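Undergrad: start14.cif (mmCIF, C-alpha atoms) pasted underneath:
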```
data_target
loop_
_atom_site.label_atom_id
_atom_site.label_comp_id
_atom_site.auth_asym_id
_atom_site.auth_seq_id
_atom_site.Cartn_x
_atom_site.Cartn_y
_atom_site.Cartn_z
CA MET A 1 -195.30 -83.35 3.07
CA SER A 2 -196.09 -81.03 0.22
CA SER A 3 -198.84 -81.64 -2.28
CA MET A 4 -198.79 -81.33 -6.05
CA LYS A 5 -201.46 -81.30 -8.73
CA VAL A 6 -202.00 -84.45 -10.81
CA LEU A 7 -202.82 -83.80 -14.48
CA ASN A 8 -204.29 -86.00 -17.18
CA MET A 9 -202.95 -86.13 -20.74
CA ALA A 10 -205.28 -83.27 -21.76
CA GLY A 11 -203.68 -80.99 -19.16
CA ALA A 12 -206.67 -80.85 -16.81
CA GLU A 13 -206.25 -81.28 -13.05
CA VAL A 14 -207.66 -84.59 -11.76
CA GLY A 15 -206.38 -84.61 -8.16
CA THR A 16 -203.39 -84.08 -5.89
CA VAL A 17 -200.54 -86.22 -4.66
CA GLU A 18 -198.42 -85.89 -1.52
CA LEU A 19 -194.67 -85.55 -2.11
CA ASN A 20 -192.19 -86.81 0.48
CA ASP A 21 -190.10 -83.91 1.78
CA GLU A 22 -187.10 -86.22 2.34
CA ILE A 23 -186.85 -86.55 -1.44
CA PHE A 24 -188.62 -83.53 -2.93
CA GLY A 25 -187.97 -80.90 -0.26
CA ILE A 26 -184.25 -80.99 0.54
CA THR A 27 -181.60 -78.38 -0.15
CA PRO A 28 -179.90 -79.42 -3.41
CA ASN A 29 -176.34 -80.71 -3.12
CA PRO A 30 -174.43 -79.59 -6.25
CA VAL A 31 -171.58 -82.05 -5.67
CA ALA A 32 -173.96 -85.02 -5.62
CA VAL A 33 -175.75 -83.73 -8.73
CA HIS A 34 -172.41 -83.38 -10.54
CA GLU A 35 -171.39 -86.93 -9.61
CA VAL A 36 -174.72 -88.39 -10.78
CA VAL A 37 -174.63 -86.54 -14.11
CA LYS A 38 -170.96 -87.37 -14.70
CA ASN A 39 -171.64 -91.03 -13.90
CA HIS A 40 -174.63 -91.17 -16.23
CA LEU A 41 -172.77 -89.57 -19.14
CA ALA A 42 -169.76 -91.86 -18.64
CA ASN A 43 -171.99 -94.94 -18.55
CA CYS A 44 -173.65 -93.83 -21.80
CA ARG A 45 -170.32 -93.84 -23.65
CA GLN A 46 -169.98 -96.71 -26.08
CA GLY A 47 -166.22 -96.74 -26.47
CA THR A 48 -166.24 -97.58 -30.17
CA GLN A 49 -163.24 -95.42 -31.12
CA SER A 50 -160.36 -97.44 -32.51
CA ALA A 51 -156.86 -96.86 -33.87
CA LEU A 52 -154.26 -99.25 -35.24
CA THR A 53 -151.29 -100.52 -33.29
CA ARG A 54 -147.90 -101.01 -34.95
CA ALA A 55 -148.81 -104.68 -35.43
CA GLU A 56 -152.05 -103.81 -37.27
CA VAL A 57 -150.78 -101.25 -39.81
CA SER A 58 -149.60 -102.40 -43.20
CA GLY A 59 -145.91 -102.57 -43.90
CA GLY A 60 -143.01 -103.31 -41.65
CA GLY A 61 -141.56 -106.73 -41.14
CA ARG A 62 -138.07 -106.01 -42.42
CA LYS A 63 -135.42 -103.43 -41.62
CA PRO A 64 -135.63 -100.50 -44.06
CA TRP A 65 -131.82 -100.14 -44.09
CA ARG A 66 -128.87 -101.71 -42.37
CA GLN A 67 -128.02 -100.84 -38.77
CA LYS A 68 -124.64 -99.17 -39.33
CA GLY A 69 -122.81 -97.28 -41.97
CA THR A 70 -125.59 -95.26 -43.65
CA GLY A 71 -125.37 -92.14 -41.51
CA ARG A 72 -129.11 -92.31 -40.82
CA ALA A 73 -130.76 -93.15 -37.53
CA ARG A 74 -131.14 -96.82 -36.81
CA SER A 75 -134.66 -98.18 -37.42
CA GLY A 76 -136.24 -101.58 -37.11
CA MET A 77 -139.42 -101.37 -39.19
CA THR A 78 -141.62 -98.83 -40.96
CA SER A 79 -144.64 -99.59 -38.78
CA SER A 80 -142.94 -97.86 -35.83
CA PRO A 81 -144.97 -95.02 -34.23
CA LEU A 82 -142.13 -92.62 -35.17
CA TRP A 83 -142.70 -93.17 -38.88
CA ARG A 84 -145.32 -91.64 -41.14
CA SER A 85 -148.19 -94.17 -41.58
CA GLY A 86 -146.84 -96.09 -38.59
CA GLY A 87 -149.04 -97.46 -35.84
CA ARG A 88 -150.00 -95.69 -32.64
CA ALA A 89 -148.03 -96.55 -29.48
CA PHE A 90 -151.04 -96.86 -27.13
CA PRO A 91 -154.16 -96.59 -29.29
CA ASN A 92 -157.81 -96.48 -28.23
CA THR A 93 -159.49 -99.84 -28.57
CA PRO A 94 -163.21 -100.65 -28.90
CA ASP A 95 -163.15 -102.84 -25.81
CA GLU A 96 -162.39 -99.85 -23.56
CA ASN A 97 -164.88 -99.61 -20.70
CA PHE A 98 -165.85 -96.10 -19.57
CA SER A 99 -168.40 -97.10 -16.93
CA GLN A 100 -167.96 -95.68 -13.46
CA LYS A 101 -169.13 -96.86 -10.06
CA LEU A 102 -171.30 -94.57 -7.98
CA ASN A 103 -172.14 -95.32 -4.37
CA LYS A 104 -175.82 -95.92 -3.63
CA LYS A 105 -176.01 -93.10 -1.07
CA MET A 106 -174.41 -90.64 -3.49
CA PHE A 107 -176.83 -91.66 -6.26
CA ARG A 108 -179.85 -91.25 -3.99
CA ALA A 109 -178.61 -87.88 -2.69
CA GLY A 110 -177.98 -86.63 -6.24
CA MET A 111 -181.36 -87.76 -7.55
CA ALA A 112 -183.14 -86.27 -4.52
CA SER A 113 -181.30 -82.99 -5.14
CA ILE A 114 -182.37 -83.00 -8.78
CA TYR A 115 -186.00 -83.74 -7.89
CA SER A 116 -186.01 -81.08 -5.16
CA LYS A 117 -184.64 -78.46 -7.55
CA LEU A 118 -187.24 -79.36 -10.18
CA VAL A 119 -190.08 -79.06 -7.65
CA ALA A 120 -188.70 -75.77 -6.32
CA ASP A 121 -188.50 -74.34 -9.86
CA ALA A 122 -192.03 -75.61 -10.72
CA ARG A 123 -190.60 -77.80 -13.50
CA PHE A 124 -191.92 -81.06 -12.04
CA VAL A 125 -195.24 -82.37 -13.40
CA VAL A 126 -197.20 -85.40 -12.20
CA VAL A 127 -199.36 -87.01 -14.88
CA GLU A 128 -202.06 -89.57 -14.06
CA THR A 129 -201.33 -91.90 -16.98
CA ILE A 130 -199.07 -91.26 -19.93
CA LYS A 131 -199.77 -93.07 -23.17
CA ALA A 132 -198.49 -93.02 -26.71
CA ASP A 133 -201.36 -94.02 -28.99
CA LEU A 134 -199.07 -94.48 -31.99
CA PRO A 135 -195.29 -94.85 -32.17
CA LYS A 136 -195.08 -91.43 -33.85
CA THR A 137 -192.83 -88.74 -32.43
CA LYS A 138 -194.98 -85.92 -33.81
CA ALA A 139 -198.11 -87.16 -32.02
CA PHE A 140 -196.26 -87.78 -28.76
CA ALA A 141 -194.60 -84.35 -28.92
CA SER A 142 -198.01 -82.69 -29.36
CA GLN A 143 -199.29 -84.57 -26.28
CA LEU A 144 -196.31 -83.31 -24.27
CA LYS A 145 -196.91 -79.79 -25.57
CA THR A 146 -200.49 -79.82 -24.22
CA LEU A 147 -199.00 -80.57 -20.80
CA GLY A 148 -196.64 -77.62 -21.19
CA LEU A 149 -193.53 -79.80 -21.51
CA THR A 150 -190.67 -79.25 -23.92
CA ALA A 151 -188.52 -81.72 -25.81
CA ARG A 152 -186.01 -81.86 -22.93
CA THR A 153 -188.19 -83.79 -20.52
CA LEU A 154 -187.41 -86.60 -18.13
CA ILE A 155 -190.25 -89.12 -18.13
CA ILE A 156 -190.46 -91.57 -15.25
CA VAL A 157 -193.03 -94.30 -15.76
CA ASP A 158 -194.22 -97.17 -13.60
CA GLU A 159 -193.44 -100.54 -15.21
CA SER A 160 -197.12 -101.48 -15.21
CA GLU A 161 -197.89 -98.54 -17.55
CA LEU A 162 -195.22 -99.37 -20.13
CA ASP A 163 -196.46 -100.48 -23.52
CA ASP A 164 -194.59 -100.95 -26.79
CA ASN A 165 -195.46 -97.53 -28.23
CA LEU A 166 -194.35 -95.69 -25.08
CA ILE A 167 -191.09 -97.66 -24.97
CA LEU A 168 -190.40 -96.67 -28.58
CA GLU A 169 -191.11 -92.99 -27.90
CA ILE A 170 -189.19 -92.70 -24.64
CA GLY A 171 -186.28 -94.83 -25.87
CA ARG A 172 -185.52 -92.65 -28.90
CA ALA A 173 -183.59 -90.01 -26.95
CA SER A 174 -182.21 -91.94 -24.00
CA CYS A 175 -179.26 -94.24 -23.62
CA ARG A 176 -179.48 -97.80 -22.41
CA GLU A 177 -177.25 -98.76 -19.49
#
```
Starting from the coordinates I provided, produce the structure as structure tokens.

TA:
Amino acid sequence: MSSMKVLNMAGAEVGTVELNDEIFGITPNPVAVHEVVKNHLANCRQGTQSALTRAEVSGGGRKPWRQKGTGRARSGMTSSPLWRSGGRAFPNTPDENFSQKLNKKMFRAGMASIYSKLVADARFVVVETIKADLPKTKAFASQLKTLGLTARTLIIVDESELDDNLILEIGRASCRE
């Protein structure tokens, strides 16, 4: 068990906390970290891209010329994917699901590796209570700056400490799964 300083929102030390070495003291596994990050990014994808099929483009419906005797290639309709302004053969649709499954053991190993690396690099900070007085990004960013944290910060909060202002501030830059 290793110990870590606990800070308040002003940046002053108010105590220590014991960290479990099974989570915060392991050798990082880069494969597990890659899987966790890849899974998170895939689950954040919305899948809103869309293209038109040959049934959805305008035009078509009748043969542009007869089948034989013109010397041109046979064609059925102008909405064919071979034609200019024709539809796509296998287009992206908004109902495409990009979510991936990640095994529980792999997720836990990846998160433990991430936490261990953060503790080893002294980039892990424990704060007694974190509050957002107003739902203003400027004020919350200045509070984080007094703790020595940058804009790229992972904030993990106990559910009992969540209030509406903190949810608004934390939720601005994260995706909902």

Undergrad: Given all atoms listed in the file as the basis, pick out the residue of A:Glu96, A:Asp121, A:Glu169, A:Glu128 nearest to Gly15 (chain A).

TA: A:Glu128

Undergrad: Residues near Val17 (chain A), anyone? I mean within 10 Å using all atoms listed in the file, not counting same-chain ones fewer than 4 positions away, as number ranges by chain.

TA: A: 1-6, 126

Undergrad: Restricting the calculation to all atoms listed in the file, which member of A:Val14, A:Leu118, A:Ala42, A:Ser79 is positioned closest to Gly61 (chain A)?

TA: A:Ser79

Undergrad: Put the listed atoms of region 36-45 of chain A in a box along x, y and z with 3 Å added on every side and give me the centre and edge lengths in Å to one decimal, as JSON.

TA:
```
{"center_x": -172.2, "center_y": -90.7, "center_z": -17.2, "size_x": 11.0, "size_y": 14.4, "size_z": 18.9}
```

Undergrad: For Ala132 (chain A), which of A:Asn8, A:Thr150, A:Asn39, A:Asn165 is the closest residue, counting all atoms listed in the file?

TA: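 Of A:Asn8, A:Thr150, A:Asn39, A:Asn165, the one nearest Ala132 (chain A) is A:Asn165, counting all atoms listed in the file.
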
Undergrad: Care to translate the PyMOL selection byres ((chain A and resi 143) around 10) into actual residues of this file, as a PyMOL selection string?

TA: chain A and resi 9-11+130-132+137-142+144-149

Undergrad: Would you kindly return, as a ChimeraX atom specification, each protein, DNA or RNA residue with an atom no farther than 12 Å from any atom of Tyr115 (chain A), considering only C-alpha atoms and excluding same-chain residues fewer than 5 positions away?

TA: /A:19-29,33,108-110,120-125,154,156

Undergrad: Could you check which of A:Asp163, A:Ala12, A:Pro135, A:Ile114 is closest to Val37 (chain A), using all atoms listed in the file?

TA: A:Ile114

Undergrad: So which residues touch Ser85 (chain A) within 10 Å, counting all atoms listed in the file, skipping near sequence neighbours fewer than 2 positions away, as an MDAnalysis selection string?

TA: chainID A and resid 54 57:59 78:83 87:88

Undergrad: Can you write just those residues out, C-alpha atoms, as an mmCIF file, keeping the file's coordinate frame?

TA:
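What follows is the written file again_8.cif:
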```
data_model
loop_
_atom_site.group_PDB
_atom_site.id
_atom_site.type_symbol
_atom_site.label_atom_id
_atom_site.label_comp_id
_atom_site.auth_asym_id
_atom_site.auth_seq_id
_atom_site.Cartn_x
_atom_site.Cartn_y
_atom_site.Cartn_z
ATOM 1 C CA ARG A 54 -147.900 -101.010 -34.950
ATOM 2 C CA VAL A 57 -150.780 -101.250 -39.810
ATOM 3 C CA SER A 58 -149.600 -102.400 -43.200
ATOM 4 C CA GLY A 59 -145.910 -102.570 -43.900
ATOM 5 C CA THR A 78 -141.620 -98.830 -40.960
ATOM 6 C CA SER A 79 -144.640 -99.590 -38.780
ATOM 7 C CA SER A 80 -142.940 -97.860 -35.830
ATOM 8 C CA PRO A 81 -144.970 -95.020 -34.230
ATOM 9 C CA LEU A 82 -142.130 -92.620 -35.170
ATOM 10 C CA TRP A 83 -142.700 -93.170 -38.880
ATOM 11 C CA GLY A 87 -149.040 -97.460 -35.840
ATOM 12 C CA ARG A 88 -150.000 -95.690 -32.640
#
```

Undergrad: Which of these, A:Ile170, A:Val157, A:Asn43, A:Arg66, has the shortest distance to Val127 (chain A) once you count only C-alpha atoms?

TA: A:Val157

Undergrad: Could you tell me how far CA of Gly60 (chain A) sits from CA of Arg72 (chain A), in Å to one decimal place?

TA: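 About the pair CA of Arg72 (chain A) and CA of Gly60 (chain A): they are 17.7 Å apart.
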
Undergrad: For the file shown, report as number ranges by chain the outcome of the PyMOL selection byres ((chain A and resi 52) around 9) at residue level.

TA: A: 50-51, 53-57, 86-89, 91-93

Undergrad: Generate all heavy atoms for region 4-15 of chain A and emit them as a compact mmCIF listing (two decimals), in the coordinates of the input.

TA:
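Everything below was put into part30.txt:
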```
# COMPACT_ATOMS: atom_id res chain seq x y z
N MET A 4 -198.97 -81.78 -4.67
CA MET A 4 -198.79 -81.33 -6.05
C MET A 4 -199.98 -81.78 -6.87
O MET A 4 -200.57 -82.83 -6.61
CB MET A 4 -197.50 -81.93 -6.60
CG MET A 4 -197.21 -81.57 -8.02
SD MET A 4 -195.51 -81.88 -8.40
CE MET A 4 -194.96 -80.22 -8.56
N LYS A 5 -200.33 -80.98 -7.86
CA LYS A 5 -201.46 -81.30 -8.73
C LYS A 5 -201.11 -82.50 -9.62
O LYS A 5 -199.99 -82.64 -10.08
CB LYS A 5 -201.82 -80.12 -9.62
CG LYS A 5 -202.35 -78.93 -8.87
CD LYS A 5 -202.82 -77.86 -9.82
CE LYS A 5 -201.66 -77.00 -10.23
NZ LYS A 5 -202.02 -75.84 -11.04
N VAL A 6 -202.13 -83.34 -9.88
CA VAL A 6 -202.00 -84.45 -10.81
C VAL A 6 -202.81 -84.08 -12.05
O VAL A 6 -203.98 -83.71 -11.95
CB VAL A 6 -202.52 -85.77 -10.20
CG1 VAL A 6 -202.45 -86.89 -11.23
CG2 VAL A 6 -201.74 -86.13 -8.96
N LEU A 7 -202.17 -84.16 -13.22
CA LEU A 7 -202.82 -83.80 -14.48
C LEU A 7 -203.12 -85.04 -15.29
O LEU A 7 -202.49 -86.09 -15.13
CB LEU A 7 -201.90 -82.88 -15.29
CG LEU A 7 -201.37 -81.62 -14.60
CD1 LEU A 7 -200.41 -80.89 -15.52
CD2 LEU A 7 -202.51 -80.71 -14.20
N ASN A 8 -204.09 -84.94 -16.20
CA ASN A 8 -204.29 -86.00 -17.18
C ASN A 8 -203.60 -85.58 -18.47
O ASN A 8 -203.01 -84.51 -18.56
CB ASN A 8 -205.78 -86.30 -17.37
CG ASN A 8 -206.56 -85.11 -17.88
OD1 ASN A 8 -206.00 -84.10 -18.26
ND2 ASN A 8 -207.88 -85.22 -17.87
N MET A 9 -203.68 -86.41 -19.50
CA MET A 9 -202.95 -86.13 -20.74
C MET A 9 -203.50 -84.90 -21.48
O MET A 9 -202.82 -84.33 -22.32
CB MET A 9 -202.98 -87.34 -21.68
CG MET A 9 -202.03 -88.44 -21.27
SD MET A 9 -200.31 -87.94 -21.18
CE MET A 9 -199.87 -87.79 -22.89
N ALA A 10 -204.72 -84.47 -21.14
CA ALA A 10 -205.28 -83.27 -21.76
C ALA A 10 -204.81 -82.00 -21.06
O ALA A 10 -205.05 -80.90 -21.54
CB ALA A 10 -206.80 -83.35 -21.76
N GLY A 11 -204.17 -82.14 -19.90
CA GLY A 11 -203.68 -80.99 -19.16
C GLY A 11 -204.61 -80.51 -18.07
O GLY A 11 -204.35 -79.50 -17.43
N ALA A 12 -205.72 -81.24 -17.85
CA ALA A 12 -206.67 -80.85 -16.81
C ALA A 12 -206.28 -81.49 -15.49
O ALA A 12 -205.75 -82.60 -15.44
CB ALA A 12 -208.08 -81.29 -17.21
N GLU A 13 -206.57 -80.77 -14.38
CA GLU A 13 -206.25 -81.28 -13.05
C GLU A 13 -207.27 -82.34 -12.64
O GLU A 13 -208.48 -82.13 -12.74
CB GLU A 13 -206.25 -80.13 -12.05
CG GLU A 13 -205.86 -80.55 -10.65
CD GLU A 13 -205.86 -79.39 -9.67
OE1 GLU A 13 -205.83 -78.23 -10.08
OE2 GLU A 13 -205.89 -79.70 -8.46
N VAL A 14 -206.76 -83.50 -12.17
CA VAL A 14 -207.66 -84.59 -11.76
C VAL A 14 -207.49 -84.94 -10.29
O VAL A 14 -208.20 -85.82 -9.79
CB VAL A 14 -207.44 -85.86 -12.63
CG1 VAL A 14 -207.88 -85.61 -14.06
CG2 VAL A 14 -206.00 -86.31 -12.58
N GLY A 15 -206.57 -84.32 -9.57
CA GLY A 15 -206.38 -84.61 -8.16
C GLY A 15 -205.06 -84.04 -7.66
O GLY A 15 -204.42 -83.22 -8.33
```
